[in-house]
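Below is start_17.pdb, which holds PDB, C-alpha atoms, pLDDT in the B column.
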ATOM      1  CA  GLN K   1     -20.321  -2.802  98.125  1.00 50.00           C
ATOM      2  CA  LYS K   2     -20.986  -3.284  94.510  1.00 46.00           C
ATOM      3  CA  LYS K   3     -18.216  -4.875  92.570  1.00 49.00           C
ATOM      4  CA  LYS K   4     -16.809  -2.687  89.867  1.00 51.00           C
ATOM      5  CA  ASN K   5     -16.859  -4.077  86.359  1.00 53.00           C
ATOM      6  CA  THR K   6     -13.262  -4.848  85.608  1.00 55.00           C
ATOM      7  CA  LYS K   7     -14.063  -5.570  81.998  1.00 54.00           C
ATOM      8  CA  THR K   8     -13.420  -2.642  79.726  1.00 58.00           C
ATOM      9  CA  LYS K   9     -15.997  -1.829  77.194  1.00 56.00           C
ATOM     10  CA  LYS K  10     -14.909  -2.198  73.580  1.00 58.00           C
ATOM     11  CA  ARG K  11     -15.135   0.865  71.527  1.00 61.00           C
ATOM     12  CA  PRO K  12     -17.249   0.540  68.347  1.00 59.00           C
ATOM     13  CA  THR K  13     -15.121   0.427  65.233  1.00 61.00           C
ATOM     14  CA  THR K  14     -16.307   2.315  62.232  1.00 61.00           C
ATOM     15  CA  LYS K  15     -15.165   1.354  58.722  1.00 60.00           C
ATOM     16  CA  THR K  16     -14.173   4.259  56.616  1.00 63.00           C
ATOM     17  CA  PRO K  17     -15.736   4.080  53.122  1.00 61.00           C
ATOM     18  CA  ARG K  18     -13.444   4.081  50.109  1.00 64.00           C
ATOM     19  CA  LYS K  19     -13.121   7.216  48.165  1.00 60.00           C
ATOM     20  CA  LYS K  20     -14.830   7.103  44.803  1.00 60.00           C
ATOM     21  CA  MET K  21     -13.251   8.535  41.698  1.00 57.00           C
ATOM     22  CA  ASN K  22     -14.578  11.866  40.896  1.00 57.00           C
ATOM     23  CA  THR K  23     -15.915  11.767  37.388  1.00 55.00           C
ATOM     24  CA  ASN K  24     -16.557  15.451  37.237  1.00 58.00           C
ATOM     25  CA  ILE K  25     -12.901  16.294  36.633  1.00 54.00           C
ATOM     26  CA  CYS K  26     -11.947  19.109  34.377  1.00 54.00           C
ATOM     27  CA  PRO K  27     -11.052  17.773  30.857  1.00 53.00           C
ATOM     28  CA  THR K  28      -7.868  19.824  30.772  1.00 52.00           C
ATOM     29  CA  LEU K  29      -6.425  17.700  33.611  1.00 52.00           C
ATOM     30  CA  LEU K  30      -6.901  14.496  31.607  1.00 52.00           C
ATOM     31  CA  LYS K  31      -4.599  15.742  28.803  1.00 52.00           C
ATOM     32  CA  PRO K  32      -1.100  14.175  28.634  1.00 52.00           C
ATOM     33  CA  SER K  33       1.751  16.036  30.199  1.00 52.00           C
ATOM     34  CA  LEU K  34       4.122  18.146  28.165  1.00 52.00           C
ATOM     35  CA  HIS K  35       7.051  15.740  28.409  1.00 52.00           C
ATOM     36  CA  GLN K  36       5.018  12.899  26.837  1.00 56.00           C
ATOM     37  CA  PRO K  37       4.879  13.049  23.014  1.00 58.00           C
ATOM     38  CA  ILE K  38       1.450  13.034  21.463  1.00 57.00           C
ATOM     39  CA  LYS K  39       0.965  10.239  18.950  1.00 61.00           C
ATOM     40  CA  HIS K  40      -0.809  11.301  15.824  1.00 60.00           C
ATOM     41  CA  PRO K  41      -2.363   8.776  13.409  1.00 60.00           C
ATOM     42  CA  PRO K  42      -0.333   8.169  10.218  1.00 61.00           C
ATOM     43  CA  THR K  43      -1.489  10.256   7.305  1.00 60.00           C
ATOM     44  CA  ALA K  44      -1.182   9.175   3.670  1.00 54.00           C
ATOM     45  CA  HIS K  45       1.247  11.160   1.526  1.00 56.00           C
ATOM     46  CA  LYS K  46      -0.706  13.375  -0.783  1.00 57.00           C
ATOM     47  CA  MET K  47       0.777  13.728  -4.236  1.00 56.00           C
ATOM     48  CA  SER K  48       0.982  17.132  -5.715  1.00 56.00           C
ATOM     49  CA  ASP K  49      -0.073  17.856  -9.275  1.00 54.00           C
ATOM     50  CA  THR K  50       3.563  18.214 -10.425  1.00 57.00           C
ATOM     51  CA  GLU K  51       4.703  14.832  -9.026  1.00 55.00           C
ATOM     52  CA  GLU K  52       4.458  11.787 -11.287  1.00 56.00           C
ATOM     53  CA  PRO K  53       3.644   8.292  -9.981  1.00 55.00           C
ATOM     54  CA  LYS K  54       6.667   5.981  -9.701  1.00 57.00           C
ATOM     55  CA  ALA K  55       6.733   3.186 -12.272  1.00 54.00           C
ATOM     56  CA  LYS K  56       6.706  -0.336 -10.822  1.00 55.00           C
ATOM     57  CA  LYS K  57       9.836  -2.425 -11.371  1.00 56.00           C
ATOM     58  CA  GLN K  58       9.127  -5.297 -13.696  1.00 61.00           C
ATOM     59  CA  LYS K  59      10.379  -8.661 -12.458  1.00 62.00           C
ATOM     60  CA  LEU K  60      12.643 -10.342 -14.980  1.00 61.00           C
ATOM     61  CA  SER K  61      12.607 -14.079 -15.500  1.00 64.00           C
ATOM     62  CA  LYS K  62      15.741 -16.207 -14.964  1.00 58.00           C
ATOM     63  CA  LYS K  63      16.369 -16.539 -18.699  1.00 55.00           C
ATOM     64  CA  GLU K  64      16.132 -12.759 -19.225  1.00 64.00           C
ATOM     65  CA  ARG K  65      18.521 -12.142 -16.307  1.00 60.00           C
ATOM     66  CA  LYS K  66      21.055 -14.574 -17.742  1.00 51.00           C
ATOM     67  CA  LYS K  67      20.765 -12.914 -21.140  1.00 54.00           C
ATOM     68  CA  SER K  68      21.241  -9.438 -19.661  1.00 52.00           C
ATOM     69  CA  ILE K  69      24.269 -10.587 -17.630  1.00 47.00           C
ATOM     70  CA  GLY K  70      25.758 -12.882 -20.272  1.00 48.00           C
ATOM     71  CA  GLY K  71      25.121 -10.569 -23.240  1.00 49.00           C
ATOM     72  CA  ASP K  72      27.683  -7.985 -22.141  1.00 45.00           C
ATOM     73  CA  ASP K  73      30.260 -10.685 -21.332  1.00 45.00           C
ATOM     74  CA  LYS K  74      29.860 -12.314 -24.742  1.00 48.00           C
ATOM     75  CA  GLU K  75      30.466  -9.009 -26.512  1.00 41.00           C
ATOM     76  CA  GLU K  76      33.649  -8.450 -24.493  1.00 41.00           C
ATOM     77  CA  THR K  77      34.946 -12.015 -24.942  1.00 47.00           C
ATOM     78  CA  SER K  78      34.165 -12.135 -28.659  1.00 51.00           C
ATOM     79  CA  ALA K  79      36.348  -9.066 -29.218  1.00 51.00           C
ATOM     80  CA  ASP K  80      39.259 -10.487 -27.165  1.00 65.00           C
ATOM     81  CA  ALA K  81      38.907 -14.125 -28.341  1.00 76.00           C
ATOM     82  CA  PRO K  82      41.690 -15.438 -30.619  1.00 82.00           C
ATOM     83  CA  SER K  83      40.872 -16.393 -34.211  1.00 87.00           C
ATOM     84  CA  TYR K  84      40.742 -19.925 -35.675  1.00 86.00           C
ATOM     85  CA  GLU K  85      44.215 -19.539 -37.227  1.00 87.00           C
ATOM     86  CA  GLU K  86      45.765 -18.421 -33.922  1.00 87.00           C
ATOM     87  CA  ARG K  87      44.256 -21.391 -32.104  1.00 87.00           C
ATOM     88  CA  CYS K  88      45.535 -23.804 -34.750  1.00 87.00           C
ATOM     89  CA  GLU K  89      49.084 -22.748 -33.841  1.00 87.00           C
ATOM     90  CA  ALA K  90      48.662 -24.159 -30.300  1.00 85.00           C
ATOM     91  CA  ILE K  91      47.518 -27.668 -31.275  1.00 90.00           C
ATOM     92  CA  ASN K  92      49.495 -30.849 -30.503  1.00 90.00           C
ATOM     93  CA  ILE K  93      50.928 -33.497 -32.865  1.00 89.00           C
ATOM     94  CA  LEU K  94      47.988 -35.893 -32.530  1.00 88.00           C
ATOM     95  CA  ALA K  95      45.393 -33.386 -33.806  1.00 89.00           C
ATOM     96  CA  SER K  96      44.439 -34.968 -37.101  1.00 89.00           C
ATOM     97  CA  PRO K  97      41.976 -34.957 -38.798  1.00 90.00           C
ATOM     98  CA  LEU K  98      41.580 -31.319 -37.818  1.00 91.00           C
ATOM     99  CA  ALA K  99      38.196 -29.787 -38.620  1.00 91.00           C
ATOM    100  CA  SER K 100      38.061 -26.727 -40.884  1.00 90.00           C
ATOM    101  CA  LYS K 101      36.720 -23.364 -39.734  1.00 91.00           C
ATOM    102  CA  LYS K 102      33.184 -24.109 -40.957  1.00 92.00           C
ATOM    103  CA  SER K 103      33.136 -27.671 -39.662  1.00 92.00           C
ATOM    104  CA  THR K 104      34.311 -26.541 -36.168  1.00 93.00           C
ATOM    105  CA  LYS K 105      31.236 -24.299 -35.937  1.00 93.00           C
ATOM    106  CA  LYS K 106      29.080 -27.215 -37.077  1.00 92.00           C
ATOM    107  CA  ALA K 107      30.712 -29.506 -34.502  1.00 93.00           C
ATOM    108  CA  HIS K 108      30.067 -27.009 -31.694  1.00 93.00           C
ATOM    109  CA  LYS K 109      26.467 -26.646 -32.855  1.00 92.00           C
ATOM    110  CA  LEU K 110      25.995 -30.437 -32.817  1.00 93.00           C
ATOM    111  CA  VAL K 111      27.523 -30.707 -29.321  1.00 93.00           C
ATOM    112  CA  ARG K 112      25.232 -27.915 -28.050  1.00 92.00           C
ATOM    113  CA  LYS K 113      22.148 -29.724 -29.377  1.00 91.00           C
ATOM    114  CA  ALA K 114      23.364 -33.054 -27.959  1.00 91.00           C
ATOM    115  CA  THR K 115      23.690 -31.560 -24.445  1.00 90.00           C
ATOM    116  CA  GLN K 116      20.114 -30.282 -24.602  1.00 89.00           C
ATOM    117  CA  SER K 117      18.808 -33.719 -25.636  1.00 88.00           C
ATOM    118  CA  LYS K 118      21.112 -35.437 -23.057  1.00 87.00           C
ATOM    119  CA  SER K 119      22.754 -37.720 -25.630  1.00 88.00           C
ATOM    120  CA  LEU K 120      26.348 -36.746 -24.878  1.00 91.00           C
ATOM    121  CA  ARG K 121      29.304 -38.269 -23.031  1.00 92.00           C
ATOM    122  CA  ARG K 122      31.784 -35.696 -21.717  1.00 93.00           C
ATOM    123  CA  GLY K 123      35.391 -36.350 -20.696  1.00 93.00           C
ATOM    124  CA  VAL K 124      37.930 -39.161 -21.217  1.00 94.00           C
ATOM    125  CA  LYS K 125      36.506 -41.520 -18.569  1.00 94.00           C
ATOM    126  CA  GLU K 126      32.930 -41.162 -19.804  1.00 93.00           C
ATOM    127  CA  LEU K 127      33.990 -41.639 -23.429  1.00 94.00           C
ATOM    128  CA  VAL K 128      35.921 -44.854 -22.653  1.00 94.00           C
ATOM    129  CA  LYS K 129      33.014 -46.139 -20.569  1.00 94.00           C
ATOM    130  CA  GLY K 130      30.623 -45.454 -23.456  1.00 93.00           C
ATOM    131  CA  LEU K 131      32.832 -47.330 -25.928  1.00 93.00           C
ATOM    132  CA  ARG K 132      32.976 -50.356 -23.600  1.00 93.00           C
ATOM    133  CA  LYS K 133      29.182 -50.338 -23.353  1.00 92.00           C
ATOM    134  CA  GLY K 134      28.943 -50.230 -27.150  1.00 91.00           C
ATOM    135  CA  ASP K 135      27.847 -46.623 -27.762  1.00 91.00           C
ATOM    136  CA  LYS K 136      28.101 -45.506 -31.381  1.00 89.00           C
ATOM    137  CA  GLY K 137      28.254 -41.984 -32.780  1.00 91.00           C
ATOM    138  CA  ILE K 138      30.949 -39.398 -33.457  1.00 92.00           C
ATOM    139  CA  ALA K 139      33.762 -38.302 -31.129  1.00 94.00           C
ATOM    140  CA  ILE K 140      34.964 -34.697 -31.101  1.00 94.00           C
ATOM    141  CA  LEU K 141      38.377 -34.190 -29.495  1.00 95.00           C
ATOM    142  CA  ALA K 142      40.229 -31.014 -28.501  1.00 94.00           C
ATOM    143  CA  GLY K 143      43.576 -30.440 -30.243  1.00 92.00           C
ATOM    144  CA  ASP K 144      45.229 -28.216 -27.604  1.00 91.00           C
ATOM    145  CA  VAL K 145      45.360 -30.743 -24.741  1.00 91.00           C
ATOM    146  CA  PHE K 146      48.704 -31.005 -22.919  1.00 89.00           C
ATOM    147  CA  PRO K 147      50.263 -33.345 -21.844  1.00 89.00           C
ATOM    148  CA  ILE K 148      49.388 -35.595 -24.801  1.00 89.00           C
ATOM    149  CA  ASP K 149      49.393 -38.734 -22.603  1.00 91.00           C
ATOM    150  CA  VAL K 150      45.970 -37.720 -21.260  1.00 90.00           C
ATOM    151  CA  MET K 151      44.287 -38.668 -24.543  1.00 90.00           C
ATOM    152  CA  SER K 152      46.951 -40.342 -26.716  1.00 92.00           C
ATOM    153  CA  HIS K 153      45.147 -43.724 -26.447  1.00 92.00           C
ATOM    154  CA  LEU K 154      41.781 -42.387 -27.654  1.00 94.00           C
ATOM    155  CA  PRO K 155      42.314 -42.311 -31.480  1.00 92.00           C
ATOM    156  CA  ILE K 156      43.405 -46.000 -31.542  1.00 92.00           C
ATOM    157  CA  LEU K 157      40.537 -46.996 -29.228  1.00 94.00           C
ATOM    158  CA  LEU K 158      37.991 -45.171 -31.433  1.00 93.00           C
ATOM    159  CA  GLU K 159      39.368 -46.837 -34.592  1.00 91.00           C
ATOM    160  CA  GLU K 160      39.069 -50.269 -32.956  1.00 92.00           C
ATOM    161  CA  HIS K 161      35.388 -49.623 -32.168  1.00 93.00           C
ATOM    162  CA  ASN K 162      34.728 -48.115 -35.644  1.00 92.00           C
ATOM    163  CA  VAL K 163      33.722 -44.726 -34.231  1.00 92.00           C
ATOM    164  CA  PRO K 164      34.644 -41.715 -36.424  1.00 93.00           C
ATOM    165  CA  TYR K 165      36.410 -38.799 -34.705  1.00 94.00           C
ATOM    166  CA  LEU K 166      37.348 -35.183 -35.435  1.00 93.00           C
ATOM    167  CA  PHE K 167      39.725 -32.743 -33.757  1.00 94.00           C
ATOM    168  CA  VAL K 168      38.736 -29.201 -32.857  1.00 94.00           C
ATOM    169  CA  PRO K 169      41.424 -26.542 -32.155  1.00 93.00           C
ATOM    170  CA  SER K 170      40.173 -25.313 -28.729  1.00 92.00           C
ATOM    171  CA  LYS K 171      39.196 -27.202 -25.570  1.00 93.00           C
ATOM    172  CA  ARG K 172      37.610 -24.060 -24.104  1.00 93.00           C
ATOM    173  CA  ASP K 173      35.225 -23.670 -27.045  1.00 93.00           C
ATOM    174  CA  LEU K 174      34.369 -27.357 -26.816  1.00 94.00           C
ATOM    175  CA  GLY K 175      33.612 -26.956 -23.105  1.00 93.00           C
ATOM    176  CA  ALA K 176      31.453 -23.898 -23.774  1.00 92.00           C
ATOM    177  CA  ALA K 177      29.535 -25.811 -26.463  1.00 93.00           C
ATOM    178  CA  ALA K 178      28.983 -28.662 -23.966  1.00 92.00           C
ATOM    179  CA  CYS K 179      27.516 -26.112 -21.487  1.00 90.00           C
ATOM    180  CA  THR K 180      30.353 -26.382 -18.943  1.00 90.00           C
ATOM    181  CA  LYS K 181      32.489 -23.627 -17.453  1.00 89.00           C
ATOM    182  CA  ARG K 182      35.589 -25.817 -17.555  1.00 92.00           C
ATOM    183  CA  PRO K 183      37.375 -26.788 -20.791  1.00 93.00           C
ATOM    184  CA  THR K 184      36.662 -30.323 -22.070  1.00 93.00           C
ATOM    185  CA  SER K 185      39.181 -32.577 -23.796  1.00 93.00           C
ATOM    186  CA  CYS K 186      36.741 -34.881 -25.620  1.00 95.00           C
ATOM    187  CA  VAL K 187      33.059 -35.500 -26.254  1.00 93.00           C
ATOM    188  CA  LEU K 188      31.024 -38.375 -27.728  1.00 94.00           C
ATOM    189  CA  VAL K 189      27.753 -37.540 -29.507  1.00 92.00           C
ATOM    190  CA  LYS K 190      25.701 -40.722 -29.278  1.00 87.00           C
ATOM    191  CA  ASP K 191      22.490 -40.091 -31.172  1.00 77.00           C
ATOM    192  CA  LYS K 192      21.813 -39.346 -34.838  1.00 69.00           C
ATOM    193  CA  LYS K 193      18.397 -37.882 -34.013  1.00 73.00           C
ATOM    194  CA  VAL K 194      19.985 -34.703 -32.576  1.00 78.00           C
ATOM    195  CA  ASP K 195      20.585 -33.197 -36.040  1.00 81.00           C
ATOM    196  CA  LYS K 196      20.904 -35.751 -38.825  1.00 85.00           C
ATOM    197  CA  GLU K 197      22.281 -33.368 -41.480  1.00 87.00           C
ATOM    198  CA  LEU K 198      25.063 -32.008 -39.254  1.00 88.00           C
ATOM    199  CA  PHE K 199      25.830 -35.484 -37.947  1.00 88.00           C
ATOM    200  CA  ASP K 200      26.188 -36.987 -41.437  1.00 89.00           C
ATOM    201  CA  LEU K 201      28.361 -34.102 -42.705  1.00 89.00           C
ATOM    202  CA  LEU K 202      30.819 -34.437 -39.832  1.00 90.00           C
ATOM    203  CA  VAL K 203      30.903 -38.249 -40.118  1.00 89.00           C
ATOM    204  CA  GLU K 204      31.739 -37.984 -43.852  1.00 89.00           C
ATOM    205  CA  GLU K 205      34.563 -35.542 -43.106  1.00 88.00           C
ATOM    206  CA  ALA K 206      35.925 -37.781 -40.331  1.00 88.00           C
ATOM    207  CA  LYS K 207      35.777 -40.946 -42.458  1.00 86.00           C
ATOM    208  CA  ALA K 208      37.537 -39.226 -45.393  1.00 84.00           C
ATOM    209  CA  TYR K 209      40.709 -39.049 -43.278  1.00 78.00           C
ATOM    210  CA  ASP K 210      43.187 -41.849 -43.813  1.00 67.00           C
ATOM    211  CA  PRO K 211      45.641 -42.235 -40.878  1.00 65.00           C
ATOM    212  CA  ASN K 212      48.195 -44.065 -43.090  1.00 62.00           C
ATOM    213  CA  SER K 213      48.487 -41.062 -45.455  1.00 60.00           C
ATOM    214  CA  LYS K 214      50.311 -39.009 -42.786  1.00 57.00           C
ATOM    215  CA  ASN K 215      54.095 -39.272 -42.989  1.00 45.00           C
TER     216      ASN K 215
END

Any chance you could give the structure as C-alpha cells?
Amino acid sequence: QKKKNTKTKKRPTTKTPRKKMNTNICPTLLKPSLHQPIKHPPTAHKMSDTEEPKAKKQKLSKKERKKSIGGDDKEETSADAPSYEERCEAINILASPLASKKSTKKAHKLVRKATQSKSLRRGVKELVKGLRKGDKGIAILAGDVFPIDVMSHLPILLEEHNVPYLFVPSKRDLGAAACTKRPTSCVLVKDKKVDKELFDLLVEEAKAYDPNSKN
C-alpha cells in the first residue's frame, strides 16, 4: 500500500494590490465643506472720491514737547505767583543786602547762565566746600529760609573769604533759576566768563553794602 502524504499542501498566498487614488474625481467634491469658513485674500481699502487722506502725525522733539507741556504751566503759575513786594514780607532778619526788583531778575539770569556753563555750586554744603577750596565769585542767598540756623554762619564765612553776597527774596525762584525742582537756599557763581556785565553789576551792588551801617 502506498503511504499517504501526511504533509498538507500550502495554499498560495496572493498579495492584494493597494488601491490607487482616483484622480478623476469630480471637482465639486474637492470643495471645502459648509461648516469650514472660506478664507479670502485681504483686499486693500479703496478710498472713495469724497474721503480725504489722513494727515501723518508729526513727531515732536523733546525740546518742543517740554515747551508745549511747560508753556501752559508757566502761564498758570505766573498768574498765581506772588509779587516781589509780597515775597519781601516773608524774609528773615539776616536778609541784607536784599537785592532790588531789577537786580533779582539779573541775579536769576546769571544763575541760569551759570548752570548751563556748569560753573555753579548749589546748596550750603557745596558752597562751604567751594570756599574751603578757594573758589571766588558771588554768592546769592535766599531770604525766606527758616530756621535761620541753617545758613546763619554763611554771611560771616563769605566776608572772611572776601566773597561778595546778595540776598534774594524767594528760595523757590532761586531753585527754578538753578534748574532744580526743589527750592535752593544758596548758590555760588564761580566764573566771571558766564556774563561779565551782569556779574560786575551784582558785585558792585553787593560791595556797596556796609554791614556796620545796620543798627

*asked:* Within 8 Å of (40.3, -22.4, -29.4) (file coordinates; only C-alpha atoms), which protein or nucleic acid residues are there? I'd like them as a PyMOL selection string.
replied: chain K and resi 82-84+87-88+144+168-173

*Explicit residues for the PyMOL selection byres ((chain K and resi 202) around 10) (as a ChimeraX atom specification)*: /K:99,103-104,106-107,110,138-140,164-166,197-201,203-208

*Explicit residues for the PyMOL selection byres ((chain K and resi 114-116) around 12) (as number ranges by chain)*: K: 107-113, 117-122, 137-138, 174-180, 187-196, 198-199

*asked:* Can you measure CA of Tyr209 (chain K) to CA of Gly143 (chain K) for me? One decimal in Å is fine.
replied: 15.9 Å

*Just how far from CA of Lys102 (chain K) is CA of Glu126 (chain K), in Å to one decimal?*
27.2 Å
